[in-house]
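Containing TSV, C-alpha atoms: protein-v9.tsv.
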```tsv
chain	number	residue	atom	x	y	z
M	1	MET	CA	-18.27	-39.51	-4.57
M	2	GLY	CA	-19.93	-36.77	-2.54
M	3	ALA	CA	-18.19	-37.93	0.63
M	4	ARG	CA	-14.84	-37.91	-1.16
M	5	ASN	CA	-15.41	-34.36	-2.45
M	6	ALA	CA	-16.40	-33.21	1.03
M	7	GLN	CA	-13.27	-34.80	2.49
M	8	THR	CA	-11.10	-33.09	-0.15
M	9	ALA	CA	-12.73	-29.73	0.55
M	10	THR	CA	-12.20	-30.16	4.28
M	11	SER	CA	-8.54	-31.08	3.73
M	12	THR	CA	-8.02	-28.07	1.47
M	13	THR	CA	-9.63	-25.74	4.01
M	14	ALA	CA	-7.48	-27.13	6.82
M	15	THR	CA	-4.32	-26.72	4.73
M	16	ALA	CA	-5.25	-23.14	3.87
M	17	ALA	CA	-5.91	-22.37	7.53
M	18	ILE	CA	-2.49	-23.75	8.53
M	19	LEU	CA	-0.75	-21.72	5.82
M	20	LEU	CA	-2.56	-18.54	6.85
M	21	SER	CA	-1.69	-19.10	10.53
M	22	GLU	CA	2.00	-19.31	9.53
M	23	TRP	CA	2.12	-16.51	6.97
M	24	ILE	CA	0.01	-13.78	8.61
M	25	PRO	CA	2.33	-13.26	11.64
M	26	VAL	CA	5.36	-13.25	9.33
M	27	ILE	CA	3.82	-10.69	6.98
M	28	GLY	CA	2.88	-8.60	10.03
M	29	LEU	CA	6.48	-8.61	11.28
M	30	ILE	CA	7.85	-7.66	7.86
M	31	PHE	CA	5.39	-4.87	7.08
M	32	GLY	CA	5.04	-3.52	10.62
M	33	GLY	CA	8.68	-3.81	11.64
M	34	CYS	CA	10.31	-2.76	8.38
M	35	CYS	CA	7.99	0.20	7.75
M	36	SER	CA	8.51	1.51	11.29
M	37	ASN	CA	12.25	1.02	10.84
M	38	VAL	CA	12.32	3.29	7.77
M	39	PHE	CA	10.67	6.19	9.61
M	40	ALA	CA	13.01	5.90	12.60
M	41	LEU	CA	15.97	5.67	10.24
M	42	GLU	CA	14.93	8.83	8.41
M	43	SER	CA	14.69	10.81	11.66
M	44	LEU	CA	18.25	9.74	12.53
M	45	VAL	CA	19.98	10.40	9.22
M	46	ARG	CA	18.31	13.80	8.78
M	47	GLU	CA	20.19	15.14	11.81
M	48	VAL	CA	23.27	12.87	11.84
M	49	PRO	CA	23.76	11.68	8.25
M	50	LYS	CA	26.84	9.53	8.91
M	51	CYS	CA	25.53	7.47	11.82
M	52	GLY	CA	25.19	4.25	9.82
M	53	ASN	CA	27.80	2.26	11.74
M	54	LEU	CA	26.22	3.03	15.11
M	55	ILE	CA	22.76	2.08	13.80
M	56	THR	CA	24.07	-1.21	12.39
M	57	PHE	CA	25.98	-2.02	15.60
M	58	GLY	CA	22.93	-1.28	17.76
M	59	GLN	CA	20.77	-3.56	15.64
M	60	PHE	CA	23.26	-6.44	15.66
M	61	ALA	CA	23.97	-6.17	19.40
M	62	PHE	CA	20.29	-6.08	20.40
M	63	ILE	CA	19.26	-9.01	18.19
M	64	THR	CA	22.19	-11.03	19.57
M	65	LEU	CA	21.15	-10.30	23.18
M	66	VAL	CA	17.55	-11.33	22.47
M	67	GLY	CA	18.75	-14.64	21.03
M	68	LEU	CA	21.21	-15.54	23.81
M	69	PRO	CA	18.71	-17.34	26.13
M	70	SER	CA	17.70	-19.70	23.31
M	71	HIS	CA	21.18	-20.52	22.06
M	72	VAL	CA	23.44	-20.50	25.14
M	73	GLN	CA	23.69	-23.22	27.81
M	74	LEU	CA	24.27	-21.71	31.24
M	75	GLY	CA	26.74	-23.27	33.65
M	76	TRP	CA	30.14	-22.68	35.23
M	77	VAL	CA	31.30	-21.89	31.71
M	78	PRO	CA	28.45	-20.77	29.44
M	79	ARG	CA	28.66	-22.33	25.99
M	80	LEU	CA	26.66	-22.32	22.79
M	81	LYS	CA	24.09	-25.06	22.26
M	82	PRO	CA	24.64	-27.61	19.46
M	83	ARG	CA	23.89	-26.16	16.04
M	84	GLN	CA	21.70	-27.63	13.32
M	85	VAL	CA	23.71	-25.94	10.56
M	86	PRO	CA	27.53	-26.08	10.21
M	87	ILE	CA	29.33	-22.96	11.43
M	88	GLN	CA	31.00	-22.58	8.02
M	89	ARG	CA	27.59	-21.94	6.46
M	90	TRP	CA	26.80	-19.25	8.98
M	91	MET	CA	30.18	-17.60	8.45
M	92	VAL	CA	29.50	-17.15	4.74
M	93	MET	CA	26.06	-15.72	5.45
M	94	VAL	CA	27.41	-13.50	8.24
M	95	THR	CA	29.98	-11.96	5.90
M	96	LEU	CA	27.36	-11.26	3.22
M	97	TYR	CA	24.78	-9.98	5.73
M	98	PHE	CA	27.29	-7.73	7.46
M	99	CYS	CA	28.38	-6.24	4.12
M	100	VAL	CA	24.76	-5.59	3.10
M	101	SER	CA	23.86	-3.89	6.38
M	102	VAL	CA	26.99	-1.74	6.54
M	103	LEU	CA	26.86	-0.71	2.86
M	104	ASN	CA	23.18	0.26	3.02
M	105	ASN	CA	23.58	2.32	6.19
M	106	LEU	CA	26.86	3.93	5.07
M	107	ALA	CA	25.25	5.04	1.82
M	108	LEU	CA	22.86	7.30	3.72
M	109	GLY	CA	25.83	9.46	4.69
M	110	TYR	CA	26.59	10.29	1.05
M	111	ASN	CA	23.63	12.47	0.10
M	112	ILE	CA	21.33	9.48	-0.40
M	113	SER	CA	17.71	10.18	0.48
M	114	ILE	CA	15.40	7.56	1.92
M	115	PRO	CA	13.31	7.42	-1.31
M	116	LEU	CA	16.43	6.86	-3.43
M	117	HIS	CA	17.49	4.25	-0.88
M	118	ILE	CA	14.20	2.44	-1.54
M	119	VAL	CA	14.77	2.63	-5.31
M	120	PHE	CA	18.11	0.84	-5.26
M	121	ARG	CA	17.09	-1.77	-2.71
M	122	SER	CA	14.04	-2.50	-4.86
M	123	SER	CA	16.31	-3.46	-7.75
M	124	GLY	CA	17.19	-6.55	-5.72
M	125	LEU	CA	14.55	-8.55	-7.60
M	126	ILE	CA	16.50	-8.26	-10.83
M	127	ALA	CA	19.82	-8.91	-9.06
M	128	ASN	CA	18.28	-11.94	-7.37
M	129	MET	CA	17.11	-13.36	-10.68
M	130	LEU	CA	20.47	-12.73	-12.41
M	131	CYS	CA	22.44	-14.29	-9.53
M	132	GLY	CA	20.05	-17.24	-9.49
M	133	TYR	CA	20.57	-17.71	-13.23
M	134	PHE	CA	24.36	-17.44	-13.34
M	135	VAL	CA	25.38	-18.64	-9.84
M	136	MET	CA	22.68	-21.15	-8.80
M	137	ASN	CA	21.97	-22.36	-12.36
M	138	LYS	CA	18.25	-21.60	-12.06
M	139	ARG	CA	16.00	-21.12	-15.08
M	140	TYR	CA	13.02	-18.77	-14.88
M	141	PRO	CA	9.93	-18.81	-17.09
M	142	ARG	CA	9.67	-15.76	-19.34
M	143	MET	CA	6.40	-14.67	-17.74
M	144	GLN	CA	7.98	-14.87	-14.28
M	145	ALA	CA	10.88	-12.70	-15.46
M	146	LEU	CA	8.39	-10.23	-16.90
M	147	ALA	CA	6.48	-10.12	-13.61
M	148	VAL	CA	9.67	-9.37	-11.68
M	149	VAL	CA	10.58	-6.60	-14.13
M	150	MET	CA	7.09	-5.11	-13.74
M	151	VAL	CA	7.38	-5.05	-9.93
M	152	THR	CA	10.83	-3.46	-10.02
M	153	ILE	CA	9.87	-0.81	-12.58
M	154	GLY	CA	6.72	-0.03	-10.62
M	155	VAL	CA	8.57	0.66	-7.36
M	156	VAL	CA	11.19	2.73	-9.19
M	157	MET	CA	8.53	4.79	-10.99
M	158	ALA	CA	6.56	5.44	-7.81
M	159	THR	CA	9.64	6.51	-5.85
M	160	LEU	CA	11.22	8.69	-8.52
M	161	SER	CA	7.91	10.36	-9.21
M	162	SER	CA	7.54	11.35	-5.54
M	163	VAL	CA	11.01	12.91	-5.33
M	164	ASN	CA	11.53	14.21	-8.86
M	165	GLY	CA	11.69	17.85	-7.77
M	166	THR	CA	14.11	17.04	-4.96
M	167	HIS	CA	16.53	15.39	-7.36
M	168	GLU	CA	16.66	18.49	-9.55
M	169	GLN	CA	17.14	20.92	-6.65
M	170	ASN	CA	19.87	19.03	-4.82
M	171	GLY	CA	21.78	17.67	-7.80
M	172	LEU	CA	21.49	14.25	-6.19
M	173	MET	CA	22.58	12.11	-9.11
M	174	SER	CA	25.81	14.05	-9.67
M	175	ASP	CA	26.79	14.39	-5.98
M	176	SER	CA	26.00	10.86	-4.81
M	177	VAL	CA	28.22	8.65	-6.94
M	178	ILE	CA	29.83	7.06	-3.87
M	179	GLY	CA	26.48	6.45	-2.21
M	180	ILE	CA	25.02	4.91	-5.36
M	181	GLY	CA	28.08	2.67	-5.68
M	182	LEU	CA	27.66	1.49	-2.08
M	183	LEU	CA	23.98	0.74	-2.63
M	184	SER	CA	24.72	-1.12	-5.86
M	185	LEU	CA	27.20	-3.39	-4.08
M	186	GLY	CA	24.68	-3.91	-1.30
M	187	VAL	CA	22.04	-5.05	-3.80
M	188	VAL	CA	24.38	-7.67	-5.30
M	189	PHE	CA	25.46	-8.98	-1.88
M	190	ALA	CA	21.81	-9.12	-0.75
M	191	ALA	CA	20.86	-11.20	-3.79
M	192	LEU	CA	23.70	-13.65	-3.14
M	193	LEU	CA	22.74	-13.82	0.54
M	194	GLY	CA	19.11	-14.62	-0.25
M	195	LEU	CA	20.03	-17.43	-2.61
M	196	TYR	CA	22.60	-18.88	-0.20
M	197	GLN	CA	20.06	-18.81	2.64
M	198	GLU	CA	17.53	-20.57	0.44
M	199	GLN	CA	20.00	-23.36	-0.35
M	200	THR	CA	21.01	-23.68	3.32
M	201	TYR	CA	17.45	-24.08	4.55
M	202	LEU	CA	16.70	-26.61	1.82
M	203	LYS	CA	19.71	-28.73	2.81
M	204	TYR	CA	19.67	-28.46	6.62
M	205	GLY	CA	16.06	-27.58	7.46
M	206	LYS	CA	14.16	-24.42	8.43
M	207	HIS	CA	16.26	-23.23	11.37
M	208	TRP	CA	15.57	-19.54	10.88
M	209	ARG	CA	15.99	-18.62	14.58
M	210	GLU	CA	19.47	-20.10	14.55
M	211	GLY	CA	20.23	-18.14	11.39
M	212	LEU	CA	18.96	-14.89	12.89
M	213	PHE	CA	21.13	-15.37	15.98
M	214	TYR	CA	24.39	-16.41	14.31
M	215	ASN	CA	24.12	-13.86	11.51
M	216	HIS	CA	24.27	-11.15	14.17
M	217	LEU	CA	26.49	-12.75	16.84
M	218	LEU	CA	29.37	-13.67	14.53
M	219	ALA	CA	29.34	-10.21	12.93
M	220	LEU	CA	29.90	-8.29	16.19
M	221	PRO	CA	33.75	-8.57	16.16
M	222	MET	CA	33.75	-6.92	12.72
M	223	PHE	CA	32.60	-3.65	14.29
M	224	LEU	CA	36.02	-3.29	15.93
M	225	PHE	CA	37.17	-1.84	12.60
M	226	PHE	CA	34.69	1.02	13.11
M	227	TYR	CA	35.06	1.69	16.85
M	228	LYS	CA	36.35	5.27	16.42
M	229	ASP	CA	33.56	6.13	14.02
M	230	ILE	CA	30.96	4.62	16.35
M	231	GLY	CA	32.36	6.67	19.26
M	232	HIS	CA	31.96	9.91	17.29
M	233	GLN	CA	28.40	8.94	16.33
M	234	ILE	CA	27.48	8.21	19.98
M	235	HIS	CA	28.71	11.69	20.88
M	236	ALA	CA	26.69	13.25	18.04
M	237	LEU	CA	23.46	11.53	19.12
M	238	SER	CA	24.03	12.55	22.75
M	239	ARG	CA	24.18	16.23	21.72
M	240	SER	CA	20.70	16.14	20.15
M	241	ARG	CA	17.74	17.99	21.64
M	242	SER	CA	16.46	16.48	24.90
M	243	VAL	CA	12.87	15.39	25.44
M	244	GLU	CA	11.03	14.30	28.57
M	245	LEU	CA	10.08	10.64	28.55
M	246	GLY	CA	6.81	11.52	30.26
M	247	GLU	CA	5.70	13.33	27.09
M	248	LEU	CA	5.89	10.13	25.03
M	249	PRO	CA	2.78	7.96	24.50
M	250	LEU	CA	2.35	5.19	27.14
M	251	VAL	CA	5.69	6.08	28.80
M	252	GLY	CA	4.18	8.94	30.80
M	253	ALA	CA	1.73	6.61	32.55
M	254	LEU	CA	4.59	4.34	33.62
M	255	LEU	CA	6.84	7.10	34.94
M	256	GLY	CA	4.15	9.04	36.80
M	257	SER	CA	5.50	12.33	38.17
M	258	ASN	CA	9.16	11.45	37.51
M	259	ARG	CA	10.80	13.83	35.04
M	260	ILE	CA	13.47	12.09	32.99
M	261	SER	CA	14.99	13.68	29.91
M	262	VAL	CA	17.03	11.96	27.20
M	263	PRO	CA	18.40	13.07	23.81
M	264	HIS	CA	15.59	12.48	21.33
M	265	LEU	CA	17.85	10.77	18.78
M	266	TRP	CA	18.53	7.99	21.28
M	267	ILE	CA	14.79	7.33	21.32
M	268	SER	CA	14.81	7.19	17.52
M	269	LEU	CA	17.72	4.74	17.67
M	270	LEU	CA	15.82	2.55	20.16
M	271	VAL	CA	12.75	2.51	17.90
M	272	ASN	CA	14.99	1.70	14.93
M	273	VAL	CA	16.67	-1.20	16.76
M	274	LEU	CA	13.39	-2.70	18.03
M	275	SER	CA	11.70	-2.43	14.63
M	276	GLN	CA	14.78	-3.93	12.93
M	277	TRP	CA	14.51	-6.92	15.28
M	278	ALA	CA	10.88	-7.43	14.24
M	279	CYS	CA	11.74	-6.90	10.57
M	280	ALA	CA	14.75	-9.26	10.61
M	281	SER	CA	12.75	-11.94	12.44
M	282	GLY	CA	10.04	-11.80	9.80
M	283	VAL	CA	12.52	-11.85	6.91
M	284	HIS	CA	14.51	-14.81	8.30
M	285	GLN	CA	11.33	-16.75	9.03
M	286	MET	CA	9.95	-16.11	5.56
M	287	THR	CA	13.27	-17.13	4.00
M	288	SER	CA	12.77	-20.57	5.57
M	289	MET	CA	9.20	-20.75	4.22
M	290	SER	CA	9.61	-19.57	0.63
M	291	THR	CA	12.06	-19.06	-2.22
M	292	SER	CA	14.44	-16.11	-2.30
M	293	LEU	CA	12.55	-14.56	-5.22
M	294	THR	CA	9.20	-14.78	-3.40
M	295	LEU	CA	10.81	-13.05	-0.42
M	296	ASN	CA	12.03	-10.26	-2.69
M	297	VAL	CA	8.53	-9.75	-4.11
M	298	VAL	CA	7.08	-9.40	-0.59
M	299	LEU	CA	9.87	-7.00	0.42
M	300	ASN	CA	9.24	-4.90	-2.67
M	301	LEU	CA	5.58	-4.60	-1.73
M	302	ARG	CA	6.67	-3.56	1.76
M	303	LYS	CA	8.91	-0.87	0.29
M	304	LEU	CA	6.04	0.45	-1.78
M	305	VAL	CA	3.82	0.59	1.33
M	306	SER	CA	6.57	2.48	3.18
M	307	LEU	CA	6.72	5.00	0.36
M	308	VAL	CA	2.95	5.49	0.12
M	309	VAL	CA	2.52	5.85	3.90
M	310	SER	CA	5.42	8.32	3.99
M	311	VAL	CA	3.82	10.38	1.24
M	312	LEU	CA	0.48	10.41	3.04
M	313	LEU	CA	2.00	11.35	6.41
M	314	PHE	CA	4.02	14.22	4.96
M	315	GLN	CA	1.14	15.31	2.68
M	316	ASN	CA	3.13	14.97	-0.52
M	317	PRO	CA	1.08	15.07	-3.74
M	318	VAL	CA	0.17	11.76	-5.38
M	319	THR	CA	1.35	12.07	-8.99
M	320	PRO	CA	0.26	10.06	-12.05
M	321	GLY	CA	3.70	8.44	-12.05
M	322	MET	CA	3.15	7.14	-8.53
M	323	MET	CA	-0.26	5.75	-9.45
M	324	ALA	CA	1.21	4.04	-12.52
M	325	GLY	CA	4.00	2.59	-10.39
M	326	CYS	CA	1.50	1.19	-7.87
M	327	LEU	CA	-0.47	-0.48	-10.66
M	328	LEU	CA	2.68	-2.07	-12.09
M	329	VAL	CA	3.73	-3.41	-8.69
M	330	PHE	CA	0.38	-5.00	-7.90
M	331	ALA	CA	-0.03	-6.35	-11.42
M	332	GLY	CA	3.49	-7.82	-11.39
M	333	THR	CA	2.98	-9.37	-7.95
M	334	PHE	CA	-0.35	-10.91	-9.00
M	335	ALA	CA	1.22	-12.29	-12.19
M	336	TYR	CA	4.15	-13.76	-10.25
M	337	SER	CA	1.86	-15.46	-7.75
M	338	LYS	CA	0.14	-17.33	-10.60
M	339	LEU	CA	3.36	-18.78	-12.03
M	340	ARG	CA	5.40	-21.83	-11.10
M	341	PRO	CA	8.71	-21.16	-9.29
M	342	ALA	CA	12.04	-21.44	-11.03
M	343	VAL	CA	13.86	-24.78	-10.96
M	344	PRO	CA	17.58	-25.59	-11.08
M	345	VAL	CA	18.83	-27.05	-14.33
M	346	SER	CA	21.57	-29.69	-14.34
M	347	LYS	CA	24.50	-29.48	-16.69
M	348	LYS	CA	23.21	-32.53	-18.56
M	349	GLN	CA	19.91	-30.81	-19.21
M	350	GLU	CA	21.72	-27.75	-20.45
```
Could the structure of this file be written out as structure tokens, please?
Amino acid sequence: MGARNAQTATSTTATAAILLSEWIPVIGLIFGGCCSNVFALESLVREVPKCGNLITFGQFAFITLVGLPSHVQLGWVPRLKPRQVPIQRWMVMVTLYFCVSVLNNLALGYNISIPLHIVFRSSGLIANMLCGYFVMNKRYPRMQALAVVMVTIGVVMATLSSVNGTHEQNGLMSDSVIGIGLLSLGVVFAALLGLYQEQTYLKYGKHWREGLFYNHLLALPMFLFFYKDIGHQIHALSRSRSVELGELPLVGALLGSNRISVPHLWISLLVNVLSQWACASGVHQMTSMSTSLTLNVVLNLRKLVSLVVSVLLFQNPVTPGMMAGCLLVFAGTFAYSKLRPAVPVSKKQE
């Protein structure tokens, strides 16, 4: 009996170690990449509010280039390697992913602040659950639904509390109807995308690298509709204040005595693109490892961390509302982690 218990304990420890070795790098990519992305994004939209299309194009182009060596066979005529998932599946996801990215970045040009941006994207948990219920025929335990509501309300409370005075001064809610509409559509599309990705990985396997590549490659032709807008945004970024690369951390040691100056917003765009690559890699990998709702819970925690770090960096006061929001988020996340996931219900069962 003792030997059997020891063997069970050893097996459990080994399983836990394997899970941790898979999850820790993914969590690091999501929190590190996505949080850095928010700060770079804020520096861009403060000076050039309507640069969303250029940001989105830069992100999609870079992630596609990074994935080319793994998905293209070189020869007299380079061609794509055989896929594990049918191209029709990727086309549906590409359309949804492109709409989400463009809508979220466009909204920032309509008097939408970064904190308000976080609020609406945090409502994705509720949208995810509603889409799962009506579209994917999933049924959620009441306690799981309550946990998701707690997480969403907590992030909303924390964000609104930190920017309450800004809302009143700028008349944000009355002047940003278009931006709020764009964000609302983006939330719905993101929920549908998450559920569709979940079903795809369950049916065809966990090919998250293939998904990351094709979701960005197949969307590139869609930017032809915005080529004039992207040209104007490139010109706007090029007119920003110049900085010497030697003044940047680590870069100065590489350049030595060479004095090279570039518009500082191009550096912000580069940081945004690199961090988006890390963030997207983590999100796609986690989508293949967990349910769509679990992914949304992790992303909501990441958004809360982005908000708290932003408040600390800019020395904004920590209000009781923010503290209450933090408690709701952590309590809701803990409650969710203790519950069984939702299961699809067949028509016969209904």
Problem set entry | Neighbour list for Gly325 of chain M as a ChimeraX atom specification, cut-off 8 Å, all atoms listed in the file, skip fewer than 5 positions in-chain | /M:153-158
Could those selected residues go to a file with C-alpha atoms, as a PDB file, keeping the file's coordinate frame?
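Okay, out_1.pdb is ready:
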```pdb
ATOM      1  CA  ILE M 153       9.870  -0.810 -12.580  1.00  0.00           C
ATOM      2  CA  GLY M 154       6.720  -0.030 -10.620  1.00  0.00           C
ATOM      3  CA  VAL M 155       8.570   0.660  -7.360  1.00  0.00           C
ATOM      4  CA  VAL M 156      11.190   2.730  -9.190  1.00  0.00           C
ATOM      5  CA  MET M 157       8.530   4.790 -10.990  1.00  0.00           C
ATOM      6  CA  ALA M 158       6.560   5.440  -7.810  1.00  0.00           C
TER       7      ALA M 158
END
```
Exercise. How many Å lie between atom CA of Gly179 of chain M and atom CA of Val100 of chain M, rounded to one decimal?
Worked result: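 Computed distance, atom CA of Gly179 of chain M to atom CA of Val100 of chain M, equals 13.3 Å.
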Problem set entry | Pick from M:Val38, M:Leu269, M:Leu237, M:Leu192, whichever lies nearest to Gly58 of chain M using all atoms listed in the file |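 Among the listed residues, M:Leu269 lies closest to Gly58 of chain M.
Atom to atom, atom CA of Ala127 of chain M and atom CA of Val188 of chain M stand 6.0 Å apart.
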Problem set entry | Nearby residues (all atoms listed in the file) at most 12 Å from Ala236 of chain M, same-chain spacing under 6 positions excluded, as an NGL selection string | :M and (44-45 or 47-51 or 54 or 229-230 or 263-266)
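Using all atoms listed in the file for every distance, the candidate list M:Leu103, M:Met143, M:Leu220, M:Met91 yields M:Leu220 as the residue closest to Ala61 of chain M.
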For this session: Can you pull out every residue within 9 Å of Lys303 of chain M, counting all atoms listed in the file, but drop anything in the same chain fewer than 2 positions away, and send it as a PyMOL selection string?
Result: chain M and resi 31+34-35+118-119+121-122+155+298-301+305-308
Exercise. Which one is closest to Lys138 of chain M: M:Met286, M:Leu195, M:Val151, M:Ile112? Count all atoms listed in the file.
Worked result: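 Among the listed residues, M:Leu195 lies closest to Lys138 of chain M.
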Seminar exercise, completed: atom CA of Tyr204 of chain M to atom CA of Val85 of chain M measures 6.2 Å
Problem set entry | Proximity to Ala145 of chain M - best of M:Pro78, M:His207, M:Gly186, M:Gly332, all atoms listed in the file |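 The shortest atom-to-atom distance to Ala145 of chain M comes from M:Gly332.
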For this session: Starting from the point (28.9, -10.2, 19.3), work out which residues of protein, DNA or RNA have an atom no more than 12 Å away when counting all atoms listed in the file; state them as an MDAnalysis selection string.
Result: chainID M and resid 57:68 94 213:224
For this session: Determine, counting only C-alpha atoms, which protein, DNA and RNA residues have an atom within 6 Å of an atom of Ala278 of chain M; residues of the same chain fewer than 3 positions away are not included. Present the result as number ranges by chain.
Result: M: 29, 33, 275, 281
Provide segment 131-146 of chain M rebuilt to N, CA, C and O atoms, formatted as a compact mmCIF listing (two decimals), in the coordinates of the input.
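Below you can see out-v1.txt, which holds the result:
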```
# COMPACT_ATOMS: atom_id res chain seq x y z
N CYS M 131 21.55 -13.43 -10.32
CA CYS M 131 22.44 -14.29 -9.53
C CYS M 131 21.93 -15.73 -9.52
O CYS M 131 22.71 -16.68 -9.58
N GLY M 132 20.61 -15.91 -9.44
CA GLY M 132 20.05 -17.24 -9.49
C GLY M 132 20.33 -17.94 -10.81
O GLY M 132 20.58 -19.14 -10.87
N TYR M 133 20.33 -17.16 -11.90
CA TYR M 133 20.57 -17.71 -13.23
C TYR M 133 22.02 -18.11 -13.42
O TYR M 133 22.33 -19.22 -13.87
N PHE M 134 22.95 -17.21 -13.05
CA PHE M 134 24.36 -17.44 -13.34
C PHE M 134 25.08 -18.23 -12.23
O PHE M 134 25.99 -19.00 -12.51
N VAL M 135 24.67 -18.01 -10.96
CA VAL M 135 25.38 -18.64 -9.84
C VAL M 135 24.73 -19.96 -9.44
O VAL M 135 25.41 -20.98 -9.25
N MET M 136 23.39 -19.96 -9.26
CA MET M 136 22.68 -21.15 -8.80
C MET M 136 22.13 -22.00 -9.94
O MET M 136 21.45 -22.99 -9.70
N ASN M 137 22.38 -21.58 -11.19
CA ASN M 137 21.97 -22.36 -12.36
C ASN M 137 20.45 -22.54 -12.44
O ASN M 137 19.96 -23.59 -12.87
N LYS M 138 19.70 -21.54 -11.99
CA LYS M 138 18.25 -21.60 -12.06
C LYS M 138 17.78 -21.10 -13.42
O LYS M 138 18.43 -20.28 -14.07
N ARG M 139 16.62 -21.59 -13.85
CA ARG M 139 16.00 -21.12 -15.08
C ARG M 139 14.60 -20.62 -14.77
O ARG M 139 13.82 -21.32 -14.13
N TYR M 140 14.29 -19.41 -15.20
CA TYR M 140 13.02 -18.77 -14.88
C TYR M 140 12.13 -18.70 -16.13
O TYR M 140 12.62 -18.36 -17.21
N PRO M 141 10.85 -18.99 -15.97
CA PRO M 141 9.93 -18.81 -17.09
C PRO M 141 9.90 -17.35 -17.54
O PRO M 141 10.10 -16.43 -16.74
N ARG M 142 9.66 -17.13 -18.82
CA ARG M 142 9.67 -15.76 -19.34
C ARG M 142 8.63 -14.89 -18.65
O ARG M 142 8.86 -13.72 -18.38
N MET M 143 7.46 -15.46 -18.38
CA MET M 143 6.40 -14.67 -17.74
C MET M 143 6.79 -14.30 -16.31
O MET M 143 6.44 -13.23 -15.82
N GLN M 144 7.52 -15.19 -15.64
CA GLN M 144 7.98 -14.87 -14.28
C GLN M 144 9.00 -13.73 -14.32
O GLN M 144 8.96 -12.83 -13.48
N ALA M 145 9.90 -13.78 -15.31
CA ALA M 145 10.88 -12.70 -15.46
C ALA M 145 10.17 -11.39 -15.76
O ALA M 145 10.53 -10.33 -15.23
N LEU M 146 9.14 -11.44 -16.58
CA LEU M 146 8.39 -10.23 -16.90
C LEU M 146 7.69 -9.67 -15.67
O LEU M 146 7.66 -8.45 -15.45
```
